[in-house]
Structures are given as structure tokens and as C-alpha cells.
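Next comes upload.cif, a file with mmCIF, C-alpha atoms.
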data_upload
#
loop_
_atom_site.label_atom_id
_atom_site.label_comp_id
_atom_site.auth_asym_id
_atom_site.auth_seq_id
_atom_site.Cartn_x
_atom_site.Cartn_y
_atom_site.Cartn_z
CA ALA A 30 4.38 -0.56 -80.18
CA THR A 31 7.60 -2.02 -78.80
CA PRO A 32 8.35 -1.43 -75.11
CA HIS A 33 11.92 -0.58 -74.08
CA LEU A 34 12.91 -1.65 -70.57
CA PRO A 35 15.97 -1.24 -68.36
CA ARG A 36 18.10 -4.36 -68.11
CA GLY A 37 17.93 -6.59 -65.05
CA LEU A 38 14.44 -5.78 -63.79
CA GLU A 39 12.81 -8.24 -61.41
CA PRO A 40 9.57 -9.75 -62.79
CA PHE A 41 7.33 -7.60 -60.56
CA ALA A 42 9.15 -4.39 -61.49
CA GLU A 43 9.09 -5.30 -65.17
CA ARG A 44 5.33 -5.84 -64.99
CA GLU A 45 4.80 -2.45 -63.33
CA VAL A 46 6.91 -0.66 -65.96
CA LEU A 47 4.97 -2.35 -68.76
CA LYS A 48 1.66 -1.39 -67.11
CA SER A 49 2.81 2.23 -66.90
CA GLN A 50 3.98 2.30 -70.53
CA LEU A 51 0.71 0.77 -71.73
CA ASP A 52 -1.35 3.31 -69.78
CA LEU A 53 0.68 6.17 -71.27
CA TYR A 54 0.24 4.71 -74.75
CA LEU A 55 -3.55 4.63 -74.32
CA VAL A 56 -3.85 8.24 -73.12
CA GLY A 57 -5.97 10.32 -75.49
CA ARG A 58 -7.06 7.40 -77.63
CA GLY A 59 -10.61 8.78 -77.83
CA ASP A 60 -13.92 6.96 -77.56
CA ALA A 61 -13.34 4.24 -80.14
CA PRO A 62 -14.03 0.70 -78.87
CA LEU A 63 -11.01 -0.87 -77.22
CA VAL A 64 -10.22 -4.53 -77.85
CA ARG A 65 -7.67 -6.48 -75.82
CA TRP A 66 -6.29 -9.10 -78.24
CA TYR A 67 -3.95 -11.78 -76.91
CA TYR A 68 -1.73 -14.13 -78.89
CA THR A 69 -0.24 -15.44 -75.64
CA PRO A 70 -1.46 -15.45 -72.03
CA MET A 71 1.98 -14.17 -70.97
CA MET A 72 0.87 -10.62 -71.84
CA LEU A 73 -2.06 -10.72 -69.40
CA PRO A 74 -0.30 -9.57 -66.19
CA PHE A 75 0.54 -6.06 -67.46
CA SER A 76 -2.68 -5.45 -69.42
CA GLU A 77 -5.51 -7.13 -67.50
CA HIS A 78 -6.34 -3.87 -65.67
CA VAL A 79 -7.30 -2.09 -68.92
CA ALA A 80 -11.08 -1.92 -69.30
CA ALA A 81 -12.03 -3.20 -72.76
CA ASP A 82 -15.17 -3.49 -74.87
CA CYS A 83 -14.05 -6.94 -75.99
CA THR A 84 -11.26 -9.34 -74.99
CA VAL A 85 -10.00 -11.79 -77.62
CA TYR A 86 -7.80 -14.82 -77.03
CA ASP A 87 -6.30 -15.69 -80.41
CA CYS A 88 -4.82 -19.08 -79.56
CA MET A 89 -2.50 -19.95 -82.43
CA ASP A 90 -0.75 -22.90 -80.78
CA GLU A 91 -0.66 -25.06 -77.67
CA LEU A 92 2.20 -23.02 -76.27
CA ALA A 93 2.44 -25.06 -73.07
CA ASN A 94 3.68 -28.01 -75.16
CA PHE A 95 6.68 -26.09 -76.53
CA ARG A 96 10.18 -26.59 -75.20
CA ASN A 97 11.07 -24.29 -72.28
CA ALA A 98 7.47 -23.11 -71.81
CA PRO A 99 7.28 -20.99 -68.60
CA PRO A 100 5.46 -22.69 -65.70
CA GLU A 101 3.07 -19.74 -65.26
CA LEU A 102 1.71 -20.19 -68.81
CA ILE A 103 -0.99 -22.74 -67.90
CA PRO A 104 -2.58 -20.80 -64.98
CA LEU A 105 -2.40 -17.59 -67.01
CA GLU A 106 -4.19 -19.27 -69.90
CA GLN A 107 -6.93 -20.46 -67.56
CA ARG A 108 -7.30 -16.88 -66.33
CA LEU A 109 -7.42 -15.56 -69.90
CA LEU A 110 -10.08 -18.08 -70.87
CA GLN A 111 -12.19 -16.84 -67.96
CA LEU A 112 -11.77 -13.20 -69.05
CA ALA A 113 -12.08 -13.62 -72.82
CA ASP A 114 -15.31 -12.73 -74.58
CA ILE A 115 -14.30 -14.78 -77.62
CA VAL A 116 -11.60 -17.30 -78.49
CA PHE A 117 -10.10 -17.96 -81.91
CA THR A 118 -7.97 -21.04 -82.58
CA GLY A 119 -5.35 -21.48 -85.31
CA GLY A 120 -6.90 -24.65 -86.72
CA HIS A 121 -9.50 -27.34 -86.10
CA SER A 122 -7.34 -29.64 -83.98
CA LEU A 123 -6.70 -26.82 -81.53
CA TYR A 124 -10.41 -25.95 -81.63
CA GLU A 125 -11.33 -29.51 -80.70
CA ALA A 126 -8.89 -29.41 -77.79
CA LYS A 127 -10.15 -26.04 -76.46
CA ARG A 128 -13.86 -25.98 -77.31
CA GLY A 129 -14.93 -27.42 -73.97
CA ARG A 130 -13.15 -24.61 -72.13
CA HIS A 131 -15.06 -21.61 -73.50
CA PRO A 132 -18.64 -21.03 -74.71
CA ASN A 133 -17.68 -18.75 -77.64
CA ILE A 134 -14.81 -20.32 -79.59
CA HIS A 135 -14.19 -20.37 -83.36
CA PRO A 136 -11.57 -22.19 -85.49
CA PHE A 137 -9.59 -20.21 -88.08
CA PRO A 138 -7.11 -22.46 -89.95
CA SER A 139 -4.07 -20.84 -91.52
CA SER A 140 -4.79 -18.88 -94.66
CA VAL A 141 -2.57 -17.32 -97.33
CA ASP A 142 -1.70 -14.14 -99.24
CA VAL A 143 -2.00 -15.84 -102.65
CA SER A 144 -0.76 -12.92 -104.76
CA HIS A 145 2.41 -12.57 -102.70
CA PHE A 146 3.47 -16.22 -102.97
CA ALA A 147 2.21 -16.62 -106.54
CA GLN A 148 5.13 -14.37 -107.55
CA ALA A 149 7.22 -17.55 -107.33
CA ARG A 150 5.43 -18.92 -110.42
CA ALA A 151 6.83 -16.10 -112.58
CA GLU A 152 10.39 -15.44 -113.72
CA GLY A 153 12.56 -13.60 -111.22
CA ILE A 154 15.98 -13.14 -109.66
CA GLU A 155 17.62 -16.14 -108.02
CA PRO A 156 18.93 -15.39 -104.48
CA ALA A 157 22.74 -15.37 -104.43
CA ASP A 158 23.06 -18.01 -101.69
CA GLN A 159 20.86 -20.45 -103.61
CA GLN A 160 22.10 -19.93 -107.17
CA ALA A 161 24.86 -22.53 -107.14
CA LEU A 162 22.86 -25.33 -105.52
CA PRO A 163 22.13 -28.16 -107.99
CA HIS A 164 18.64 -29.35 -108.84
CA PRO A 165 16.45 -31.00 -107.83
CA ARG A 166 15.99 -28.73 -104.85
CA LEU A 167 13.68 -29.59 -101.98
CA GLY A 168 13.12 -26.73 -99.58
CA PHE A 169 11.74 -25.80 -96.18
CA TYR A 170 11.30 -22.36 -94.63
CA GLY A 171 10.31 -21.57 -91.07
CA VAL A 172 11.71 -21.76 -87.58
CA VAL A 173 14.04 -24.71 -87.06
CA ASP A 174 13.26 -25.95 -83.56
CA GLU A 175 12.02 -29.02 -81.67
CA ARG A 176 9.11 -29.33 -84.11
CA MET A 177 11.42 -30.43 -86.96
CA ASP A 178 12.20 -34.14 -87.30
CA LEU A 179 15.98 -33.83 -87.65
CA ALA A 180 16.46 -37.60 -87.81
CA LEU A 181 14.01 -37.81 -90.72
CA LEU A 182 15.76 -34.93 -92.51
CA ALA A 183 19.14 -36.63 -92.07
CA ALA A 184 17.84 -40.01 -93.29
CA VAL A 185 16.20 -38.55 -96.40
CA ALA A 186 19.30 -36.49 -97.26
CA GLU A 187 21.48 -39.58 -96.85
CA ALA A 188 19.13 -41.70 -98.99
CA ARG A 189 19.24 -39.19 -101.86
CA PRO A 190 22.65 -37.48 -102.01
CA ASP A 191 21.77 -36.28 -105.52
CA TRP A 192 19.06 -33.98 -104.11
CA SER A 193 19.75 -30.53 -102.60
CA PHE A 194 17.88 -29.80 -99.35
CA VAL A 195 17.48 -26.06 -98.70
CA ILE A 196 16.60 -25.02 -95.12
CA VAL A 197 15.62 -21.36 -94.73
CA GLY A 198 14.98 -20.03 -91.24
CA PRO A 199 16.50 -19.28 -87.83
CA VAL A 200 17.56 -22.05 -85.43
CA VAL A 201 15.66 -21.52 -82.16
CA LYS A 202 15.62 -23.41 -78.83
CA ILE A 203 17.87 -26.16 -80.18
CA SER A 204 21.63 -26.11 -80.62
CA GLU A 205 23.29 -25.70 -84.00
CA ALA A 206 25.24 -28.81 -83.05
CA GLU A 207 22.00 -30.84 -83.17
CA LEU A 208 21.50 -30.12 -86.89
CA PRO A 209 22.41 -32.96 -89.25
CA ARG A 210 25.43 -32.06 -91.42
CA GLN A 211 25.67 -33.60 -94.87
CA PRO A 212 27.00 -32.17 -98.15
CA ASN A 213 23.51 -31.87 -99.65
CA LEU A 214 21.97 -30.13 -96.60
CA HIS A 215 22.16 -26.34 -96.93
CA TYR A 216 21.16 -24.07 -94.02
CA LEU A 217 20.69 -20.53 -95.36
CA GLY A 218 19.51 -18.81 -92.16
CA GLY A 219 16.54 -16.52 -91.64
CA LYS A 220 15.03 -14.49 -94.48
CA GLY A 221 12.40 -11.76 -94.67
CA TYR A 222 8.80 -12.41 -95.67
CA ALA A 223 9.32 -10.43 -98.90
CA GLU A 224 12.21 -12.71 -99.91
CA LEU A 225 10.37 -16.03 -99.59
CA PRO A 226 8.85 -16.11 -103.12
CA ASP A 227 12.36 -15.71 -104.59
CA TYR A 228 13.55 -18.82 -102.75
CA LEU A 229 10.39 -20.79 -103.54
CA ARG A 230 10.82 -19.98 -107.24
CA GLY A 231 13.99 -22.08 -107.28
CA TRP A 232 12.54 -25.12 -105.47
CA ASP A 233 11.14 -28.18 -107.17
CA VAL A 234 9.34 -29.48 -104.07
CA ALA A 235 8.51 -27.90 -100.70
CA LEU A 236 8.90 -29.89 -97.49
CA MET A 237 7.30 -30.02 -94.05
CA PRO A 238 9.41 -32.60 -92.16
CA PHE A 239 7.70 -32.01 -88.83
CA ALA A 240 8.20 -34.35 -85.91
CA ILE A 241 5.05 -35.94 -84.53
CA ASN A 242 5.21 -34.81 -80.91
CA ASP A 243 3.40 -32.66 -78.34
CA ALA A 244 4.67 -29.43 -79.94
CA THR A 245 3.12 -30.32 -83.34
CA ARG A 246 -0.06 -32.03 -82.13
CA PHE A 247 -2.27 -29.00 -82.78
CA ILE A 248 -0.38 -27.02 -85.44
CA SER A 249 -2.00 -25.86 -88.67
CA PRO A 250 1.07 -24.79 -90.69
CA THR A 251 0.63 -21.54 -92.59
CA LYS A 252 3.32 -22.68 -94.99
CA THR A 253 1.06 -25.37 -96.51
CA PRO A 254 -1.10 -22.94 -98.55
CA GLU A 255 1.91 -20.65 -99.08
CA TYR A 256 3.92 -23.45 -100.70
CA LEU A 257 0.92 -24.35 -102.88
CA ALA A 258 0.33 -20.72 -103.91
CA ALA A 259 3.96 -20.65 -105.06
CA GLY A 260 3.27 -23.63 -107.32
CA CYS A 261 5.31 -26.17 -105.34
CA PRO A 262 4.07 -29.69 -104.63
CA VAL A 263 4.28 -30.38 -100.89
CA VAL A 264 5.56 -33.38 -98.92
CA SER A 265 4.61 -33.47 -95.24
CA THR A 266 4.66 -35.78 -92.29
CA PRO A 267 1.13 -36.70 -91.07
CA ILE A 268 0.27 -33.50 -89.20
CA THR A 269 -3.43 -33.80 -88.34
CA ASP A 270 -4.60 -30.46 -89.79
CA VAL A 271 -2.49 -30.91 -92.94
CA VAL A 272 -4.10 -34.30 -93.58
CA ARG A 273 -7.53 -32.89 -92.70
CA HIS A 274 -7.43 -29.87 -95.01
CA TYR A 275 -4.99 -30.86 -97.77
CA GLY A 276 -4.50 -34.62 -97.68
CA HIS A 277 -7.03 -35.17 -100.48
CA MET A 278 -5.04 -33.03 -102.94
CA GLU A 279 -2.77 -34.52 -105.60
CA ALA A 280 -0.18 -31.83 -104.88
CA VAL A 281 0.16 -32.78 -101.19
CA LYS A 282 1.93 -36.03 -100.31
CA ILE A 283 1.86 -37.42 -96.77
CA ALA A 284 4.46 -39.82 -95.35
CA GLY A 285 5.39 -40.84 -91.83
CA THR A 286 8.66 -42.77 -92.33
CA ALA A 287 11.98 -41.90 -93.95
CA GLU A 288 11.44 -44.49 -96.69
CA GLY A 289 7.91 -43.26 -97.32
CA PHE A 290 9.10 -39.64 -97.30
CA VAL A 291 11.67 -40.38 -100.01
CA THR A 292 9.01 -42.09 -102.13
CA ALA A 293 6.61 -39.18 -101.60
CA CYS A 294 9.34 -36.74 -102.66
CA GLU A 295 9.94 -38.77 -105.84
CA GLU A 296 6.21 -38.60 -106.62
CA ALA A 297 6.15 -34.85 -105.94
CA LEU A 298 9.19 -34.30 -108.19
CA ALA A 299 7.46 -36.22 -111.00
CA LEU A 300 4.42 -34.01 -110.51
CA ALA A 301 6.51 -30.82 -110.63
CA ARG A 302 8.21 -31.94 -113.86
CA SER A 303 5.00 -32.87 -115.67
CA PRO A 304 4.53 -30.64 -118.76
CA VAL A 305 0.79 -30.34 -118.11
CA ALA A 306 -0.14 -29.50 -114.54
CA PRO A 307 -3.81 -30.30 -113.79
CA TRP A 308 -2.82 -30.48 -110.12
CA LEU A 309 -2.28 -26.71 -110.22
CA ILE A 310 -5.91 -26.23 -111.25
CA GLU A 311 -7.00 -28.10 -108.12
CA VAL A 312 -4.55 -26.03 -106.04
CA ASP A 313 -5.96 -22.75 -107.35
CA GLN A 314 -9.53 -23.89 -106.74
CA VAL A 315 -8.72 -24.66 -103.10
CA LEU A 316 -6.77 -21.41 -102.61
CA ALA A 317 -9.64 -19.37 -104.07
CA GLU A 318 -11.69 -20.31 -100.99
CA ILE A 319 -9.14 -19.14 -98.39
CA SER A 320 -7.57 -15.76 -97.82
CA TRP A 321 -6.47 -13.64 -94.89
CA ASP A 322 -9.03 -11.04 -96.03
CA ARG A 323 -11.83 -13.55 -95.53
CA THR A 324 -10.44 -14.53 -92.13
CA PHE A 325 -10.19 -10.85 -91.16
CA TYR A 326 -13.78 -10.04 -92.10
CA GLN A 327 -15.13 -13.10 -90.29
CA MET A 328 -13.20 -12.22 -87.12
CA VAL A 329 -14.19 -8.54 -87.27
CA GLY A 330 -17.85 -9.49 -87.76
CA LEU A 331 -17.80 -11.66 -84.63
CA ILE A 332 -16.05 -8.95 -82.58
CA GLU A 333 -18.31 -6.13 -83.76
CA ASP A 334 -21.34 -8.25 -82.96
CA LEU A 335 -20.07 -8.73 -79.40
CA ILE A 336 -19.33 -5.02 -78.97
CA SER A 337 -22.74 -4.00 -80.32
CA LYS A 338 -24.47 -6.29 -77.81
CA SER A 339 -22.40 -5.09 -74.88
CA ALA A 340 -23.95 -2.32 -72.80
CA HIS A 341 -20.72 -1.64 -70.88
CA VAL A 342 -17.04 -2.42 -70.93
CA HIS A 343 -15.73 -5.73 -69.70
CA PRO A 344 -15.25 -5.68 -65.92
CA ILE A 345 -11.70 -5.75 -64.62
CA VAL A 346 -12.50 -8.82 -62.52
CA SER A 347 -14.83 -11.40 -64.03
CA PRO A 348 -17.86 -12.12 -61.85
CA VAL A 349 -18.80 -15.65 -60.86
CA ILE A 350 -21.05 -17.10 -63.57
CA TRP A 351 -23.44 -19.78 -62.38
CA ALA A 352 -24.06 -22.72 -64.70
CA GLY A 353 -27.66 -21.67 -65.41
CA ASP A 354 -26.54 -18.17 -66.47
CA ARG A 355 -23.79 -19.22 -68.88
CA PRO A 356 -24.26 -18.47 -72.59
CA LYS A 357 -25.56 -21.30 -74.71
CA ALA A 358 -22.84 -23.48 -76.16
CA TYR A 359 -24.66 -23.54 -79.54
CA ASP A 360 -27.19 -21.39 -81.37
CA VAL A 361 -28.43 -24.09 -83.73
CA MET A 362 -28.49 -27.88 -83.75
CA VAL A 363 -28.68 -29.59 -87.15
CA VAL A 364 -29.80 -33.22 -86.96
CA GLY A 365 -28.45 -35.18 -89.91
CA ALA A 366 -25.18 -34.36 -91.69
CA GLY A 367 -26.37 -35.23 -95.19
CA PHE A 368 -26.39 -32.96 -98.23
CA ALA A 369 -28.95 -30.48 -96.86
CA GLY A 370 -27.87 -30.60 -93.22
CA ALA A 371 -24.17 -30.17 -93.91
CA VAL A 372 -24.74 -27.25 -96.30
CA MET A 373 -27.16 -25.49 -93.94
CA ALA A 374 -24.77 -25.95 -91.01
CA GLU A 375 -21.85 -24.48 -92.97
CA ARG A 376 -23.91 -21.51 -94.21
CA LEU A 377 -25.27 -20.75 -90.73
CA ALA A 378 -21.75 -20.91 -89.29
CA VAL A 379 -19.93 -18.91 -91.98
CA ASP A 380 -22.57 -16.46 -93.21
CA ALA A 381 -24.60 -15.95 -90.04
CA GLY A 382 -21.80 -16.40 -87.50
CA LYS A 383 -23.80 -18.98 -85.54
CA ARG A 384 -22.33 -21.72 -83.37
CA VAL A 385 -23.73 -24.88 -84.92
CA LEU A 386 -23.79 -28.41 -83.54
CA VAL A 387 -24.20 -31.12 -86.21
CA VAL A 388 -25.25 -34.58 -85.06
CA ASP A 389 -25.52 -37.76 -87.08
CA ARG A 390 -25.70 -41.43 -86.12
CA ARG A 391 -23.08 -42.22 -88.76
CA PRO A 392 -19.40 -41.52 -88.00
CA HIS A 393 -19.04 -39.15 -90.98
CA ILE A 394 -20.74 -36.30 -92.82
CA ALA A 395 -22.50 -36.36 -96.24
CA GLY A 396 -25.16 -39.01 -95.49
CA ASN A 397 -25.84 -41.29 -98.45
CA ALA A 398 -23.60 -39.10 -100.63
CA PHE A 399 -20.51 -40.10 -98.60
CA ASP A 400 -17.51 -41.32 -100.59
CA ARG A 401 -14.12 -42.59 -99.45
CA LEU A 402 -10.86 -44.07 -100.66
CA ASP A 403 -10.85 -47.87 -100.51
CA ASP A 404 -7.78 -49.97 -99.65
CA ALA A 405 -6.56 -49.66 -103.25
CA GLY A 406 -6.79 -45.86 -103.13
CA ILE A 407 -9.85 -45.73 -105.42
CA LEU A 408 -12.63 -43.26 -104.60
CA ILE A 409 -15.83 -45.25 -104.08
CA HIS A 410 -19.44 -44.48 -103.09
CA GLN A 411 -20.01 -46.03 -99.66
CA TYR A 412 -23.79 -46.36 -100.14
CA GLY A 413 -24.05 -46.60 -103.93
CA PRO A 414 -24.22 -43.85 -106.59
CA HIS A 415 -25.91 -40.68 -105.33
CA ILE A 416 -26.72 -37.92 -107.81
CA PHE A 417 -28.55 -34.67 -107.17
CA HIS A 418 -30.99 -33.77 -109.96
CA THR A 419 -32.65 -30.41 -110.56
CA ASN A 420 -33.61 -28.25 -113.53
CA SER A 421 -34.13 -25.18 -111.34
CA ASP A 422 -31.65 -22.36 -111.93
CA GLU A 423 -32.49 -20.97 -108.50
CA ILE A 424 -31.45 -24.19 -106.74
CA VAL A 425 -28.28 -24.52 -108.85
#
As C-alpha cells:
Amino acid sequence: ATPHLPRGLEPFAEREVLKSQLDLYLVGRGDAPLVRWYYTPMMLPFSEHVAADCTVYDCMDELANFRNAPPELIPLEQRLLQLADIVFTGGHSLYEAKRGRHPNIHPFPSSVDVSHFAQARAEGIEPADQQALPHPRLGFYGVVDERMDLALLAAVAEARPDWSFVIVGPVVKISEAELPRQPNLHYLGGKGYAELPDYLRGWDVALMPFAINDATRFISPTKTPEYLAAGCPVVSTPITDVVRHYGHMEAVKIAGTAEGFVTACEEALALARSPVAPWLIEVDQVLAEISWDRTFYQMVGLIEDLISKSAHVHPIVSPVIWAGDRPKAYDVMVVGAGFAGAVMAERLAVDAGKRVLVVDRRPHIAGNAFDRLDDAGILIHQYGPHIFHTNSDEIV
């Protein structure tokens, strides 16, 4: 539903009109459970009065860190956190930043519609505004704003004038005059979601040249799995959630300097040109474990569980909750993050929807089975070889 408002309304009048429109929209909705679902606290003032069976704060970004964020955003978010029955975060970094502010919070990193983006792996029509651009092509799609490292983009384009850099997306909150202008930088403007596979099909490597700043501190870019589903190797700056979830993959290169970014792009291009692509097998194995359908069913399960336990709708004004009456922060504590503890914790969290605290005296998971990359980039066993033996089909 899109509200239509008269021009020039004062903030108070605008809020009252929106309240009225929302109330009219909800007339005759029946007895089905009502969920208030917020992507931004800015929607709270005109909807807080609506009695709901469940209130969700789906926090997809640290919006207060964005350029030109309204000053009322922070107090409104605090109010929303007090009202919300459950909080979802768009990634683990954001979860870690918010988890102390609500007793029922769950991380949901960006997922992907694999079948949609996998269209880029098949033959198709080349978009007219990309046809004439020479290969190799290195592309980015998304909003072009303060989160993009324009200096990095300019330096990489200057270092490799033989590469074509394709930038797809609207320019927002920054001036067009701020964009670097070089013959091999091509800004194609915004495109529809349905068009993205056609552009990806013509790219050799996909880029995420994000700046490392307050606006990107907690992002979990949806484009990472989308690029991979399209069959494009990815080169990114060291965004925390990209390194956390994808940094181990051969198809994802991480670099923090212009020189390192160029080298990473060269490695990604070599990967894309290889006649045999074992890296795609790893990509498909990772993508098989993530989907928006899975995210949807996990979220719905958590919400339905809350609604089923609620004897009445959420009050319009939250009562004072004394410390002794607050919900438990965790349902289960697992002591020891080794093979058994880590698996049990993950199953209890994903399958049973429990909030699980895992504690271990070591600064990592996996216990004696822990492995890591040494200084030479070789995967080694920290505590010696560790092999799990069983001849039981049931355990396997």
C-alpha cells in the first residue's frame, strides 16, 4: 500500500493523515493475527497506536550511520526496541551490535534467489547499453552512495585502462560531480531486478568496492550470493560479514588497498577464464544452504510461536518491565564449542528456534578439530590431525 499525501504538510499533520489512512486500510481485515513489521523506526509514529499480536523490528542496517540520517531516528529506534516482541538483524555484525539491547533477537544474513541469478550462466540477450563495452568487464550493481569507495574505484580504473568497469545503479545522496570520470568507467544508471541477470551474464568479475566507514560497518551485502549464483567471481573490500561468510571461498577475493584490489581482480579474472571451474562446485555447495525460502520459514516459525504464546494483543504502551521479570536472554547454554557442542548448538538454534549461548575457554569454535590458515596461506590443524571415526550409518 502506498500512501498519497497533499504537498507541503507539516510533520504533525502528515503523521495524522498517515494514521487515518492506515486505520481505513485496516477496516474489515477480519480476525487474522496482525503483525506490525518495521524496516525502519521512522514508520513508528503513525502506526504505534495499532494493536498487534506481534511487533517485529527487522533491522537491516545501522541507519543512524547513513549520510543525512534524521535526528529523530535514534530515539525512535530505542522506542521500537522497547515495543518489539522480536528483532531480526540483516547479518551477524549487526546482531552483535544490537544483541544487548533486546532479549529476543536473531541474525538473518542476506540470502539469494539462486534460480533467478543463475539465469546469467546460460546464453541470453546482451543489454544494448553494455553490448559495445570491451572485455574484460568488471561490474557492480547497487545504489551508488557514500558506501562506495570512489577513490578506490578511480585508482583501479586508472591502473588498468584495458579493463571496462560497469556501474549499474542510481546515484543517491552524493553528487554526480563526485563520481570519478575515466574512459573505462561506464555508469549505466538504475535497472530493474529482472534485468540484473542479463547484465551479470556479460561480466567477467563482479565487484564490491565498498568504503570502510560507519555506513558499511554492519552491512551484509545481498549482492555477494547473487553475484556467486550468477557464476561471477567476486572481489570485495574487507567488509566484516563478507569476510566472515565468504572469505574462505576461492571465488571471493578480499583486498583493502587499490594495489591489492587490482591484484585480486587479476586473480578473479584468471579464475573466470579457467576451462575447468571447480570453484563453481564450491559456490553451488554454499548456495544450496541459503535461500530466501529458508529465511522466510525460520522467521515465520519464530513469529507464529510468539503469537501462539500470547494471550492478548500487544499493549499500545509498553508496561515497565522489572529486571527480575524480563525474559531469559538464552534458552540453552552449551559449554564447549567442539565437534559435539557446536553441532548441538547450531541444531538447537536452527531447528528448535532456541536462543543458544556457546562458551569455550578457547578463542574459537571446533575444539581440537580447529584448523586455520598459517602465514603462508596453508590450511593447518592447530592441535594435530583430528579425524572422526564411526561405522554407524545412523551417526553418519
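In this structure, CA of Val141 in chain A sits 20.9 Å away from CA of Val116 in chain A.
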Considering all atoms listed in the file, give me a table of residues in range 110-187 of chain A that are at most 6 Å from range 230-236 of chain A, with the closest atom pair and distance in Å for each, as CSV.
residue,atom,partner,partner_atom,distance
A:Ala149,CA,A:Arg230,CA,4.3
A:Arg166,CA,A:Trp232,CA,5.0
A:Leu167,CA,A:Val234,CA,4.8
A:Gly168,CA,A:Ala235,CA,4.9
A:Phe169,CA,A:Leu236,CA,5.1
Quick one: residues within 9 Å of Pro163 in chain A, only C-alpha atoms counted, chain neighbours fewer than 2 positions away excluded, as JSON, numbers by chain? {"A": [159, 160, 161, 165, 166, 191, 192, 193]}
9 Å contact set for Phe146 in chain A, only C-alpha atoms, chain neighbours under 5 positions out, as a list in words: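 Using only C-alpha atoms, the neighbours found are Val141, Leu225, Pro226, Leu229, Glu255, Tyr256, Leu257, Ala258, Ala259 and Gly260 of chain A.
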Could you check how far CA of Leu34 in chain A sits from CA of Leu102 in chain A, in Å to one decimal? 21.7 Å
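Proximity to Glu207 in chain A was assessed for A:Pro238, A:Ala180, A:Ile310, A:Ala369 counting only C-alpha atoms; the smallest distance is recorded for A:Ala180.
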Fewer than 3 positions away in the same chain doesn't count, so skip those; otherwise give me all residues within 10 Å of His274 in chain A, counting all atoms listed in the file, as a PyMOL selection string. chain A and resi 120-121+138+249+253+269-271+277-278+315
I'd like to know which of A:Ser122, A:Ala374, A:Arg384, A:Val281 is closest to Glu311 in chain A, using all atoms listed in the file. A:Val281
Given the file shown, determine the residues that the PyMOL selection byres ((chain A and resi 132) around 12) selects; report them as a list in words.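 In the shown coordinates, the PyMOL selection byres ((chain A and resi 132) around 12) covers Leu110, Gln111, Leu112, Ala113, Asp114, Ile115, Val116, Phe117, Tyr124, Lys127, Arg128, Gly129, Arg130, His131, Asn133, Ile134, His135, Ala352, Asp354, Arg355, Pro356, Lys357, Ala358, Tyr359, Asp360 and Arg384 of chain A.
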Result set of the PyMOL selection byres ((chain A and resi 381) around 12) on the coordinates above, as a list in words: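 For this structure, the PyMOL selection byres ((chain A and resi 381) around 12) captures Gln327, Gly330, Leu331, Asp334, Asp360, Val361, Met373, Ala374, Glu375, Arg376, Leu377, Ala378, Val379, Asp380, Gly382, Lys383, Arg384 and Val385 of chain A.
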Show me, as a PyMOL selection string, the residues that have an atom within 6 Å of range 87-95 of chain A when counting only C-alpha atoms, minus same-chain residues fewer than 5 positions from it. chain A and resi 67-68+116-119+243-244
If the PyMOL selection byres ((chain A and resi 70) around 6) is run on the structure shown, which residues does it catch, given as a ChimeraX atom specification? /A:69,71-73,105-106
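One distance worth recording is that between CA of Met177 in chain A and CA of Pro212 in chain A, which is 19.3 Å.
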